[in-house]
Protein chains: 2
Amino acid sequence: MSNTEFGFISSVARLFADIPRGGFDAIGDDCTCIGIGGGESLVISTDMLVENVHFLRDASSPYELGCKSLLVNLSDVAAMGARPAASLLSLSLPRDATGAWAEEFMRGYHDISKRWGVALVGGDTTSSEGGIAVNVVALGRCPTEYIKRRSDAVPGDAICVTGRLGASAAGLRDILAGMADTDYARCHRLGRARVDEGAWLGGRAEVHAMMDISDGIASDLRHIMECSGVGAEVHTECIPTDVDVETAVCGGEDYELMLTVDAGCCDKLREDYNARFGDELHVIGRIVGSADGRIVWLDNGRRIAPDWRGFEHY
Amino acid sequence: MSNTEFGFISSVARLFADIPRGGFDAIGDDCTCIGIGGGESLVISTDMLVENVHFLRDASSPYELGCKSLLVNLSDVAAMGARPAASLLSLSLPRDATGAWAEEFMRGYHDISKRWGVALVGGDTTSSEGGIAVNVVALGRCPTEYIKRRSDAVPGDAICVTGRLGASAAGLRDILAGMADTDYARCHRLGRARVDEGAWLGGRAEVHAMMDISDGIASDLRHIMECSGVGAEVHTECIPTDVDVETAVCGGEDYELMLTVDAGCCDKLREDYNARFGDELHVIGRIVGSADGRIVWLDNGRRIAPDWRGFEHY
């Protein structure tokens with residue numbers, strides 16, 4: 001969620017404070033959670049993708065859009081440390097995006113579902129007098145003790161990220177410049193979800209807070225800070241990226257995971273992660289006690305003051 | 001869901017048949033269900049409302065639309081015999097429907113939530129380059145043995161409906177004719193959910209199949225017939241309505257409940273329903289063995305052959 005969206009959500013949360021939550025988490029994390037007995041919880045996320053806001057019909061194939069619609073929700077489930085189990089899909093389709101378009105979309109949605117064994121268990125289809133709108137609900141399961149919330153970061157924690165940042169934003173830039181066929185553009189069109197990594201990290205007690213990076217760490221890290229009442233220092237030279245640092249920290253839709261880790265266990269966790277996934281878990285900074293809401297950006301130890309805000313949806 | 005939608009859903013169900021359902025119901029009912037331990041199930045519904053398809057911004061206030069968005073989903077939960085517990089809301093709003101518009105929408109959504117103690121536990125907000133789109137997910141709880149599915153009708157069952165049919169369709173007609181202030185029009189704009197009635201009927205073992213009437217019984221009864229592999233006779237003179245019979249059976253969005261009841265227990269159930277809710281449960285026909293997919297319409301015992309199809313969304 002963007003910062004503007006976060007303001008709207010805060011006012012909605014206040015409005016609904018007079019209704020008991022009946023065992024569900026409050027709004028504000030990647031998913032809501034509810035205990036389902038046997039020490040297990042169900043986690044639930046929902047995301048809406050809208051034509052000309054989240055995608056351009058000319059730049060994304062229906063197959064890619066079908067993949068991405070589900071992937072961005074699986075990413076939310078992974079960010080809780082849970083494993084996805086099922087989804088519900090609502091489609092609003094204009095007349096020129098039914099038939100073959102809808103079949104290709106469903107083929108992409110199916111291939112991602114199949115890859116991780118995610119059942120399609122409900123949905124809604126309707127016509128549209130405007131553009132395409134897609135709403136996906138993803139449901140995941142998780143031992144309750146494994147759930148990773150944004151509110152669990154502790155001063156002293158190392159801040160880690162999976163993968164490399166900024167490729168999706170670079171891809172969006174390519175697409176808007178008319179270059180729809182670059183590797184970055186493909187990365188933007190398809191989306192990503194660290195499904196296996198998220199479930200594996202969920203099982204590690206030394207991982208405290210976790211979320212997925214959807215609006216860039218310049219925005220997303222602030223949500224961990226706000227929810228946990230902590231501050232954060234980021235070493236910009238440690239940010240894993242193939243593009244410039246500003247794109248890496250402000251660009252949207254990387255769908256990598258950001259997590260905070262008990263500093264004493266971090267080397268062992270990274271070693272195990274590397275052995276399991278053949279990939280790096282990058283340390284980019286640490287959680288500190290100060291809670292003034294500003295990220296401290298460092299460049300090789302020297303404090304810098306860039307105006308980095310992260311991706312805003314509106 | 002409409003008949004056209006039903007065809008698309010059947011093809012999707014076939015495409016996804018190779019993925020294990022992991023304890024979830026297949027698609028095709030008002031809600032999907034999953035056991036959550038302790039003899040309880042969670043039921044989950046999702047519905048999308050789109051501007052100029054499901055509502056006209058000039059004819060519905062944002063408050064009314066906020067109410068209706070949640071009500072149509074609570075109706076799906078009620079149709080399973082469950083009690084609603086929580087919802088997730090996705091909003092895609094164009095620039096001229098943010099600010100005061102969004103606040104009024106949320107006030108309506110909140111008032112319905114508050115009335116039945118439904119917590120808001122998640123969601124998504126995004127801008128729109130087209131019209132307004134609203135997706136709601138409703139979650140309900142229910143003792144697993146109480147769940148009422150479309151597939152549980154038995155030959156000999158009485159077919160019953162709550163309330164009176166056709167008012168919402170008459171209201172849509174009024175709105176399209178420029179008369180937005182009639183009682184019928186208000187009924188169409190607000191929607192309805194038989195929340196208490198659905199949960200109460202869920203607890204009665206003599207109620208076999210149940211669903212909500214969203215596209216008119218001419219369409220909706222066919223889903224019970226198809227899912228249960230049965231036929232149905234309807235006595236048109238018994239259909240409770242204040243408008244003409246065709247509007248009552250073909251009009252959309254009544255959000256009354258249709259249920260099939262063990263015929264031997266039907267009088268007692270109707271008596272208890274009347275004592276509990278001060279309202280009639282109307283018997284309109286019976287389930288028969290023949291399963292050729294056609295509803296047998298009777299007018300005072302004489303067979304008629306009208307071309308009644310129910311409301312189609314596209």
# chains A, B, ... in the order shown; residues from 1 in each chain; ligands from 1
$ select_by_dssp --residues "stretch 136-302 of chain A" --states "alpha helix (DSSP H)" --output "NGL selection string"
:A and (167-176 or 183-190 or 195-202 or 217-228 or 245-250 or 266-277)
$ residues_around --residues "B:Pro240" --least-positions-apart "3" --cutoff "9 Å" --atoms "only C-alpha atoms" --output "number ranges by chain"
B: 161-166, 237, 245, 248, 282, 284
$ write_last_selection --atoms "N, CA and C atoms" --output "JSON list (two decimals), in the first residue's frame"
[["chain", "number", "residue", "atom", "x", "y", "z"],
["B", 161, "VAL", "N", -39.51, -19.62, -0.29],
["B", 161, "VAL", "CA", -38.76, -18.37, -0.39],
["B", 161, "VAL", "C", -39.13, -17.47, 0.78],
["B", 162, "THR", "N", -38.15, -16.66, 1.22],
["B", 162, "THR", "CA", -38.40, -15.63, 2.22],
["B", 162, "THR", "C", -38.90, -14.39, 1.48],
["B", 163, "GLY", "N", -39.61, -13.54, 2.15],
["B", 163, "GLY", "CA", -39.96, -12.21, 1.63],
["B", 163, "GLY", "C", -40.79, -12.21, 0.37],
["B", 164, "ARG", "N", -40.78, -11.08, -0.34],
["B", 164, "ARG", "CA", -41.58, -10.91, -1.55],
["B", 164, "ARG", "C", -40.62, -10.60, -2.70],
["B", 165, "LEU", "N", -40.91, -11.11, -3.89],
["B", 165, "LEU", "CA", -39.97, -11.04, -5.01],
["B", 165, "LEU", "C", -40.33, -9.94, -6.02],
["B", 166, "GLY", "N", -39.32, -9.43, -6.69],
["B", 166, "GLY", "CA", -39.54, -8.53, -7.83],
["B", 166, "GLY", "C", -39.43, -7.05, -7.53],
["B", 237, "GLU", "N", -48.95, -19.02, -9.05],
["B", 237, "GLU", "CA", -49.91, -18.22, -8.26],
["B", 237, "GLU", "C", -49.49, -18.13, -6.79],
["B", 245, "VAL", "N", -45.90, -11.35, -12.16],
["B", 245, "VAL", "CA", -45.17, -12.60, -11.91],
["B", 245, "VAL", "C", -43.88, -12.67, -12.72],
["B", 248, "ALA", "N", -41.27, -10.83, -11.01],
["B", 248, "ALA", "CA", -40.94, -11.52, -9.75],
["B", 248, "ALA", "C", -40.00, -12.70, -9.98],
["B", 282, "HIS", "N", -42.77, -18.62, 2.29],
["B", 282, "HIS", "CA", -43.77, -18.98, 1.29],
["B", 282, "HIS", "C", -43.37, -20.25, 0.55],
["B", 284, "ILE", "N", -43.55, -22.23, -2.74],
["B", 284, "ILE", "CA", -43.86, -21.89, -4.13],
["B", 284, "ILE", "C", -43.83, -23.10, -5.06]]
$ residues_around --residues "B:Val261" --least-positions-apart "5" --cutoff "8 Å" --atoms "only C-alpha atoms" --output "VMD selection string"
chain B and resid 157 to 160 206 to 209 266
$ residues_around --residues "stretch 194-202 of chain A" --least-positions-apart "5" --cutoff "7 Å" --atoms "only C-alpha atoms" --output "ChimeraX atom specification"
/A:74-75,78-79,81-83,146-148,207,256
$ select_by_dssp --residues "stretch 77-306 of chain A" --states "strand (DSSP E)" --output "CSV table (one decimal) with N, CA and C atoms, in the first residue's frame"
chain,number,residue,atom,x,y,z
A,83,ARG,N,2.1,-20.6,3.7
A,83,ARG,CA,2.1,-21.3,2.4
A,83,ARG,C,0.7,-21.1,1.7
A,84,PRO,N,0.6,-20.7,0.5
A,84,PRO,CA,-0.7,-20.5,-0.1
A,84,PRO,C,-1.4,-21.8,-0.4
A,85,ALA,N,-2.7,-21.8,-0.2
A,85,ALA,CA,-3.6,-23.0,-0.3
A,85,ALA,C,-4.7,-22.8,-1.4
A,86,ALA,N,-5.2,-21.6,-1.5
A,86,ALA,CA,-6.4,-21.4,-2.4
A,86,ALA,C,-6.5,-20.0,-2.7
A,87,SER,N,-7.3,-19.7,-3.8
A,87,SER,CA,-7.6,-18.3,-4.2
A,87,SER,C,-9.0,-18.2,-4.7
A,88,LEU,N,-9.5,-17.0,-4.6
A,88,LEU,CA,-10.8,-16.6,-5.2
A,88,LEU,C,-10.5,-15.5,-6.2
A,89,LEU,N,-11.2,-15.5,-7.4
A,89,LEU,CA,-10.9,-14.5,-8.4
A,89,LEU,C,-12.2,-13.8,-8.9
A,90,SER,N,-12.1,-12.5,-8.9
A,90,SER,CA,-13.2,-11.7,-9.4
A,90,SER,C,-12.7,-11.0,-10.7
A,91,LEU,N,-13.5,-11.1,-11.8
A,91,LEU,CA,-13.1,-10.5,-13.0
A,91,LEU,C,-14.2,-9.6,-13.6
A,92,SER,N,-13.8,-8.4,-13.9
A,92,SER,CA,-14.7,-7.5,-14.6
A,92,SER,C,-14.2,-7.2,-16.0
A,93,LEU,N,-14.8,-7.7,-17.0
A,93,LEU,CA,-14.2,-7.7,-18.4
A,93,LEU,C,-15.1,-7.0,-19.4
A,119,ALA,N,-5.5,-24.1,-5.0
A,119,ALA,CA,-6.8,-24.4,-5.6
A,119,ALA,C,-7.6,-23.1,-5.9
A,120,LEU,N,-8.4,-23.1,-7.0
A,120,LEU,CA,-9.3,-22.0,-7.2
A,120,LEU,C,-10.7,-22.3,-6.6
A,121,VAL,N,-11.1,-21.6,-5.6
A,121,VAL,CA,-12.3,-22.1,-4.8
A,121,VAL,C,-13.5,-21.2,-4.9
A,122,GLY,N,-13.4,-20.0,-5.6
A,122,GLY,CA,-14.5,-19.2,-5.7
A,122,GLY,C,-14.2,-18.0,-6.5
A,123,GLY,N,-15.2,-17.1,-6.8
A,123,GLY,CA,-15.0,-15.9,-7.6
A,123,GLY,C,-16.3,-15.3,-8.1
A,124,ASP,N,-16.1,-14.4,-9.0
A,124,ASP,CA,-17.2,-13.7,-9.6
A,124,ASP,C,-16.8,-13.2,-10.9
A,125,THR,N,-17.7,-13.2,-11.9
A,125,THR,CA,-17.3,-12.6,-13.2
A,125,THR,C,-18.5,-11.7,-13.6
A,126,THR,N,-18.1,-10.5,-14.2
A,126,THR,CA,-19.1,-9.5,-14.5
A,126,THR,C,-18.6,-8.8,-15.8
A,127,SER,N,-19.5,-8.2,-16.5
A,127,SER,CA,-19.0,-7.3,-17.6
A,127,SER,C,-18.5,-6.0,-17.1
A,133,ALA,N,-10.9,-5.0,-14.6
A,133,ALA,CA,-10.5,-5.0,-13.2
A,133,ALA,C,-10.5,-6.4,-12.7
A,134,VAL,N,-9.4,-6.7,-12.0
A,134,VAL,CA,-9.2,-8.1,-11.5
A,134,VAL,C,-9.0,-8.0,-10.0
A,135,ASN,N,-9.8,-8.8,-9.2
A,135,ASN,CA,-9.5,-8.8,-7.8
A,135,ASN,C,-9.2,-10.3,-7.4
A,136,VAL,N,-8.1,-10.5,-6.7
A,136,VAL,CA,-7.8,-11.8,-6.2
A,136,VAL,C,-7.7,-11.8,-4.7
A,137,VAL,N,-8.2,-12.9,-4.1
A,137,VAL,CA,-8.1,-13.2,-2.7
A,137,VAL,C,-7.2,-14.4,-2.6
A,138,ALA,N,-6.1,-14.4,-1.9
A,138,ALA,CA,-5.3,-15.6,-1.6
A,138,ALA,C,-5.4,-16.0,-0.2
A,139,LEU,N,-5.6,-17.3,0.0
A,139,LEU,CA,-5.6,-17.9,1.4
A,139,LEU,C,-4.4,-18.8,1.6
A,140,GLY,N,-3.8,-18.6,2.7
A,140,GLY,CA,-2.7,-19.5,3.0
A,140,GLY,C,-2.8,-20.1,4.4
A,141,ARG,N,-2.0,-21.1,4.7
A,141,ARG,CA,-2.0,-21.7,6.0
A,141,ARG,C,-0.6,-21.7,6.6
A,142,CYS,N,-0.6,-21.7,7.9
A,142,CYS,CA,0.7,-21.5,8.6
A,142,CYS,C,0.5,-21.9,10.1
A,143,PRO,N,1.5,-22.6,10.6
A,143,PRO,CA,1.4,-22.8,12.1
A,143,PRO,C,1.4,-21.3,12.7
A,158,ALA,N,19.0,-7.1,12.2
A,158,ALA,CA,19.5,-6.9,10.9
A,158,ALA,C,18.3,-6.8,9.9
A,159,ILE,N,18.4,-5.9,8.9
A,159,ILE,CA,17.3,-5.8,7.9
A,159,ILE,C,17.9,-6.5,6.7
A,160,CYS,N,17.1,-7.5,6.2
A,160,CYS,CA,17.6,-8.3,5.0
A,160,CYS,C,16.5,-8.2,3.9
A,161,VAL,N,17.0,-8.4,2.7
A,161,VAL,CA,16.1,-8.5,1.5
A,161,VAL,C,16.5,-9.7,0.7
A,162,THR,N,15.5,-10.4,0.1
A,162,THR,CA,15.8,-11.4,-0.9
A,162,THR,C,16.0,-10.8,-2.2
A,207,VAL,N,13.7,-14.9,12.5
A,207,VAL,CA,13.1,-13.9,11.6
A,207,VAL,C,11.9,-13.2,12.4
A,208,HIS,N,12.0,-11.9,12.6
A,208,HIS,CA,11.0,-11.2,13.5
A,208,HIS,C,9.9,-10.6,12.6
A,209,ALA,N,10.1,-9.5,11.9
A,209,ALA,CA,9.1,-8.9,11.1
A,209,ALA,C,9.4,-9.3,9.6
A,210,MET,N,8.3,-9.3,8.8
A,210,MET,CA,8.6,-9.6,7.4
A,210,MET,C,7.4,-9.0,6.6
A,211,MET,N,7.7,-8.5,5.4
A,211,MET,CA,6.7,-8.0,4.5
A,211,MET,C,7.2,-8.1,3.1
A,212,ASP,N,6.3,-8.0,2.1
A,212,ASP,CA,6.9,-8.0,0.7
A,212,ASP,C,7.1,-6.6,0.2
A,213,ILE,N,8.0,-6.4,-0.7
A,213,ILE,CA,8.4,-5.1,-1.2
A,213,ILE,C,7.6,-4.8,-2.4
A,231,GLY,N,13.1,2.7,14.6
A,231,GLY,CA,13.7,3.4,13.5
A,231,GLY,C,14.5,2.4,12.6
A,232,ALA,N,15.2,2.9,11.6
A,232,ALA,CA,15.9,2.0,10.7
A,232,ALA,C,17.1,2.8,10.1
A,233,GLU,N,18.2,2.2,10.0
A,233,GLU,CA,19.4,2.7,9.2
A,233,GLU,C,19.6,1.8,8.0
A,234,VAL,N,19.8,2.4,6.8
A,234,VAL,CA,20.0,1.6,5.6
A,234,VAL,C,21.3,2.0,5.0
A,235,HIS,N,22.2,1.0,4.7
A,235,HIS,CA,23.5,1.2,4.1
A,235,HIS,C,23.2,1.1,2.6
A,256,GLU,N,10.0,-8.8,-3.8
A,256,GLU,CA,11.0,-9.5,-3.0
A,256,GLU,C,10.5,-9.4,-1.5
A,257,LEU,N,11.1,-10.1,-0.6
A,257,LEU,CA,10.8,-10.1,0.8
A,257,LEU,C,11.8,-9.2,1.6
A,258,MET,N,11.3,-8.4,2.5
A,258,MET,CA,12.1,-7.7,3.4
A,258,MET,C,11.8,-8.2,4.8
A,259,LEU,N,12.9,-8.5,5.6
A,259,LEU,CA,12.7,-9.1,6.9
A,259,LEU,C,13.7,-8.6,7.9
A,260,THR,N,13.3,-8.6,9.1
A,260,THR,CA,14.3,-8.2,10.2
A,260,THR,C,14.6,-9.4,11.0
A,261,VAL,N,15.9,-9.5,11.3
A,261,VAL,CA,16.4,-10.8,11.8
A,261,VAL,C,17.3,-10.5,13.1
A,281,LEU,N,20.8,-13.9,0.8
A,281,LEU,CA,19.9,-13.0,1.6
A,281,LEU,C,20.8,-11.8,2.0
A,282,HIS,N,20.4,-10.6,1.5
A,282,HIS,CA,21.3,-9.5,1.6
A,282,HIS,C,21.0,-8.7,2.9
A,283,VAL,N,22.0,-8.4,3.6
A,283,VAL,CA,21.8,-7.5,4.8
A,283,VAL,C,22.0,-6.0,4.3
A,284,ILE,N,21.0,-5.2,4.5
A,284,ILE,CA,21.0,-3.8,4.0
A,284,ILE,C,21.0,-2.8,5.1
A,285,GLY,N,20.8,-3.2,6.3
A,285,GLY,CA,20.8,-2.2,7.4
A,285,GLY,C,20.4,-2.8,8.7
A,286,ARG,N,20.0,-1.9,9.7
A,286,ARG,CA,19.6,-2.5,10.9
A,286,ARG,C,18.5,-1.6,11.6
A,287,ILE,N,17.7,-2.2,12.4
A,287,ILE,CA,16.6,-1.6,13.1
A,287,ILE,C,17.3,-0.9,14.3
A,288,VAL,N,16.8,0.4,14.6
A,288,VAL,CA,17.3,1.1,15.7
A,288,VAL,C,16.2,1.6,16.6
A,295,ILE,N,13.8,7.2,7.8
A,295,ILE,CA,14.8,6.2,7.6
A,295,ILE,C,16.2,7.0,7.5
A,296,VAL,N,17.2,6.5,8.2
A,296,VAL,CA,18.5,7.0,8.2
A,296,VAL,C,19.3,6.3,7.0
A,297,TRP,N,19.6,7.1,5.9
A,297,TRP,CA,20.3,6.6,4.8
A,297,TRP,C,21.8,6.8,4.9
A,298,LEU,N,22.6,5.8,4.7
A,298,LEU,CA,24.0,5.9,4.9
A,298,LEU,C,24.7,5.5,3.6
A,299,ASP,N,25.7,6.2,3.2
A,299,ASP,CA,26.5,5.9,2.0
A,299,ASP,C,27.9,5.6,2.4
A,302,ARG,N,28.6,7.3,5.7
A,302,ARG,CA,28.3,8.8,5.8
A,302,ARG,C,26.8,9.0,5.6
A,303,ARG,N,26.2,9.8,6.5
A,303,ARG,CA,24.8,10.0,6.4
A,303,ARG,C,24.5,10.9,5.2
A,304,ILE,N,23.5,10.5,4.4
A,304,ILE,CA,23.0,11.3,3.3
A,304,ILE,C,21.5,11.6,3.5
$ closest_atom_pairs --of "chain A" --to "chain B" --cutoff "7 Å" --atoms "only C-alpha atoms" --output "Markdown table"
| residue | atom | partner | partner_atom | distance |
| --- | --- | --- | --- | --- |
| A:Glu5 | CA | B:Thr125 | CA | 6.4 |
| A:Phe16 | CA | B:His110 | CA | 6.6 |
| A:Ile19 | CA | B:Ala119 | CA | 5.9 |
| A:Pro20 | CA | B:Ala119 | CA | 6.4 |
| A:Arg21 | CA | B:Ala119 | CA | 5.1 |
| A:Gly22 | CA | B:Ala85 | CA | 6.9 |
| A:Phe24 | CA | B:Val121 | CA | 6.6 |
| A:Asp25 | CA | B:Val121 | CA | 6.4 |
| A:Ala26 | CA | B:Val121 | CA | 5.5 |
| A:Ile27 | CA | B:Gly122 | CA | 4.9 |
| A:Thr32 | CA | B:Val121 | CA | 6.1 |
| A:Ile36 | CA | B:Ile36 | CA | 4.6 |
| A:Gly37 | CA | B:Gly37 | CA | 5.2 |
| A:Thr46 | CA | B:Gly123 | CA | 5.8 |
| A:Asp47 | CA | B:Asp124 | CA | 5.6 |
| A:Met48 | CA | B:Ser90 | CA | 6.4 |
| A:Val50 | CA | B:Ser128 | CA | 6.8 |
| A:Asn52 | CA | B:Glu129 | CA | 6.3 |
| A:Val53 | CA | B:Ser128 | CA | 6.4 |
| A:Ala85 | CA | B:Gly22 | CA | 6.8 |
| A:Ser90 | CA | B:Met48 | CA | 6.4 |
| A:His110 | CA | B:Phe16 | CA | 6.6 |
| A:Lys114 | CA | B:Ile19 | CA | 6.1 |
| A:Gly117 | CA | B:Ile19 | CA | 6.0 |
| A:Ala119 | CA | B:Arg21 | CA | 5.1 |
| A:Leu120 | CA | B:Phe16 | CA | 6.9 |
| A:Val121 | CA | B:Ile27 | CA | 4.9 |
| A:Gly122 | CA | B:Ile27 | CA | 4.9 |
| A:Gly123 | CA | B:Thr46 | CA | 5.8 |
| A:Asp124 | CA | B:Asp47 | CA | 5.6 |
| A:Thr125 | CA | B:Glu5 | CA | 6.4 |
| A:Thr126 | CA | B:His313 | CA | 6.5 |
| A:Ser127 | CA | B:Tyr314 | CA | 5.9 |
| A:Ser128 | CA | B:Val53 | CA | 6.4 |
| A:Glu129 | CA | B:Asn52 | CA | 6.3 |
| A:Gly130 | CA | B:Gly130 | CA | 5.3 |
| A:Gly131 | CA | B:Gly130 | CA | 6.2 |
| A:Asn135 | CA | B:Asn135 | CA | 6.9 |
| A:His313 | CA | B:Thr126 | CA | 6.5 |
| A:Tyr314 | CA | B:Ser127 | CA | 6.0 |
$ write_last_selection --atoms "N, CA and C atoms" --output "compact mmCIF listing (two decimals), in the first residue's frame"
# COMPACT_ATOMS: atom_id res chain seq x y z
N GLU A 5 -2.56 5.83 0.39
CA GLU A 5 -3.48 4.77 0.74
C GLU A 5 -3.43 4.52 2.25
N PHE A 16 -13.87 1.84 12.11
CA PHE A 16 -14.33 0.48 12.40
C PHE A 16 -13.88 -0.02 13.77
N ILE A 19 -16.23 -2.05 16.23
CA ILE A 19 -16.76 -3.39 15.93
C ILE A 19 -15.73 -4.43 16.38
N PRO A 20 -16.12 -5.36 17.28
CA PRO A 20 -15.17 -6.37 17.76
C PRO A 20 -14.60 -7.16 16.58
N ARG A 21 -13.32 -7.55 16.67
CA ARG A 21 -12.67 -8.18 15.51
C ARG A 21 -12.88 -9.69 15.44
N GLY A 22 -13.48 -10.25 16.48
CA GLY A 22 -13.88 -11.67 16.41
C GLY A 22 -12.72 -12.61 16.12
N PHE A 24 -9.99 -11.99 14.38
CA PHE A 24 -9.19 -11.62 13.21
C PHE A 24 -8.21 -10.52 13.58
N ASP A 25 -7.06 -10.49 12.87
CA ASP A 25 -6.12 -9.38 12.98
C ASP A 25 -6.77 -8.08 12.51
N ALA A 26 -6.27 -6.96 13.01
CA ALA A 26 -6.67 -5.65 12.48
C ALA A 26 -6.10 -5.48 11.07
N ILE A 27 -6.64 -4.51 10.31
CA ILE A 27 -6.09 -4.24 9.00
C ILE A 27 -4.72 -3.57 9.13
N THR A 32 -4.59 -10.61 6.68
CA THR A 32 -5.19 -10.79 7.99
C THR A 32 -5.08 -12.26 8.36
N ILE A 36 -7.34 -21.30 13.21
CA ILE A 36 -8.33 -22.29 12.73
C ILE A 36 -8.16 -23.61 13.47
N GLY A 37 -7.68 -23.54 14.70
CA GLY A 37 -7.56 -24.76 15.50
C GLY A 37 -6.29 -25.54 15.16
N THR A 46 -5.97 -9.66 -0.12
CA THR A 46 -6.74 -9.30 -1.30
C THR A 46 -6.08 -8.14 -2.02
N ASP A 47 -6.08 -8.17 -3.35
CA ASP A 47 -5.46 -7.12 -4.16
C ASP A 47 -6.26 -6.93 -5.43
N MET A 48 -6.42 -5.68 -5.82
CA MET A 48 -7.14 -5.37 -7.05
C MET A 48 -6.16 -4.80 -8.08
N VAL A 50 -6.08 -2.93 -11.81
CA VAL A 50 -6.98 -2.16 -12.65
C VAL A 50 -6.25 -1.70 -13.91
N ASN A 52 -4.83 0.35 -16.91
CA ASN A 52 -4.31 1.72 -17.02
C ASN A 52 -3.85 2.31 -15.69
N VAL A 53 -3.98 1.54 -14.60
CA VAL A 53 -3.40 1.94 -13.31
C VAL A 53 -2.26 0.98 -12.99
N ALA A 85 -2.75 -21.76 -0.21
CA ALA A 85 -3.57 -22.97 -0.35
C ALA A 85 -4.66 -22.80 -1.39
N SER A 90 -12.13 -12.49 -8.86
CA SER A 90 -13.22 -11.70 -9.44
C SER A 90 -12.70 -10.99 -10.68
N HIS A 110 -3.95 -20.25 -14.13
CA HIS A 110 -3.88 -21.67 -13.82
C HIS A 110 -2.45 -22.16 -13.66
N LYS A 114 -1.11 -23.99 -10.44
CA LYS A 114 -0.63 -25.37 -10.54
C LYS A 114 0.78 -25.50 -9.95
N GLY A 117 0.31 -25.48 -6.27
CA GLY A 117 -0.80 -26.24 -5.71
C GLY A 117 -1.87 -25.38 -5.06
N ALA A 119 -5.52 -24.05 -5.03
CA ALA A 119 -6.84 -24.36 -5.59
C ALA A 119 -7.61 -23.07 -5.88
N LEU A 120 -8.41 -23.07 -6.95
CA LEU A 120 -9.33 -21.96 -7.20
C LEU A 120 -10.67 -22.34 -6.60
N VAL A 121 -11.12 -21.61 -5.59
CA VAL A 121 -12.28 -22.08 -4.82
C VAL A 121 -13.49 -21.16 -4.87
N GLY A 122 -13.39 -20.05 -5.60
CA GLY A 122 -14.55 -19.17 -5.70
C GLY A 122 -14.22 -17.96 -6.54
N GLY A 123 -15.24 -17.14 -6.79
CA GLY A 123 -15.01 -15.94 -7.56
C GLY A 123 -16.28 -15.34 -8.08
N ASP A 124 -16.11 -14.41 -9.00
CA ASP A 124 -17.22 -13.67 -9.56
C ASP A 124 -16.77 -13.18 -10.93
N THR A 125 -17.67 -13.22 -11.92
CA THR A 125 -17.33 -12.59 -13.20
C THR A 125 -18.46 -11.66 -13.57
N THR A 126 -18.08 -10.55 -14.17
CA THR A 126 -19.07 -9.54 -14.55
C THR A 126 -18.56 -8.80 -15.77
N SER A 127 -19.46 -8.17 -16.49
CA SER A 127 -19.03 -7.34 -17.61
C SER A 127 -18.47 -6.02 -17.08
N SER A 128 -17.93 -5.21 -17.97
CA SER A 128 -17.41 -3.90 -17.58
C SER A 128 -17.75 -2.91 -18.67
N GLU A 129 -18.16 -1.71 -18.27
CA GLU A 129 -18.37 -0.64 -19.24
C GLU A 129 -17.12 0.23 -19.34
N GLY A 130 -16.11 -0.07 -18.50
CA GLY A 130 -14.85 0.65 -18.57
C GLY A 130 -13.74 -0.33 -18.92
N GLY A 131 -12.65 -0.30 -18.15
CA GLY A 131 -11.54 -1.21 -18.43
C GLY A 131 -11.68 -2.51 -17.65
N ASN A 135 -9.77 -8.76 -9.22
CA ASN A 135 -9.54 -8.84 -7.78
C ASN A 135 -9.25 -10.28 -7.39
N HIS A 313 0.67 4.90 -5.46
CA HIS A 313 -0.34 4.48 -6.44
C HIS A 313 -1.27 5.62 -6.80
N TYR A 314 -1.53 6.52 -5.86
CA TYR A 314 -2.28 7.74 -6.20
C TYR A 314 -2.12 8.76 -5.09
$ atom_distance --atom1 "atom CA of A:Leu269" --atom2 "atom CA of A:Ala193"
20.2 Å
$ residues_around --residues "A:Glu226" --least-positions-apart "3" --cutoff "10 Å" --atoms "only C-alpha atoms" --output "MDAnalysis selection string"
chainID A and resid 150:151 221:223 229:231 291:294
$ residues_around --residues "A:Ala169" --least-positions-apart "4" --cutoff "9 Å" --atoms "only C-alpha atoms" --output "list of chain:residue names"
A:Leu165, A:Arg173, A:Asp174, A:Tyr184, A:Ala185, A:His188, A:Thr247, A:Ala248, A:Cys250, A:Gly251, A:Gly252, A:Glu253, A:Asp254
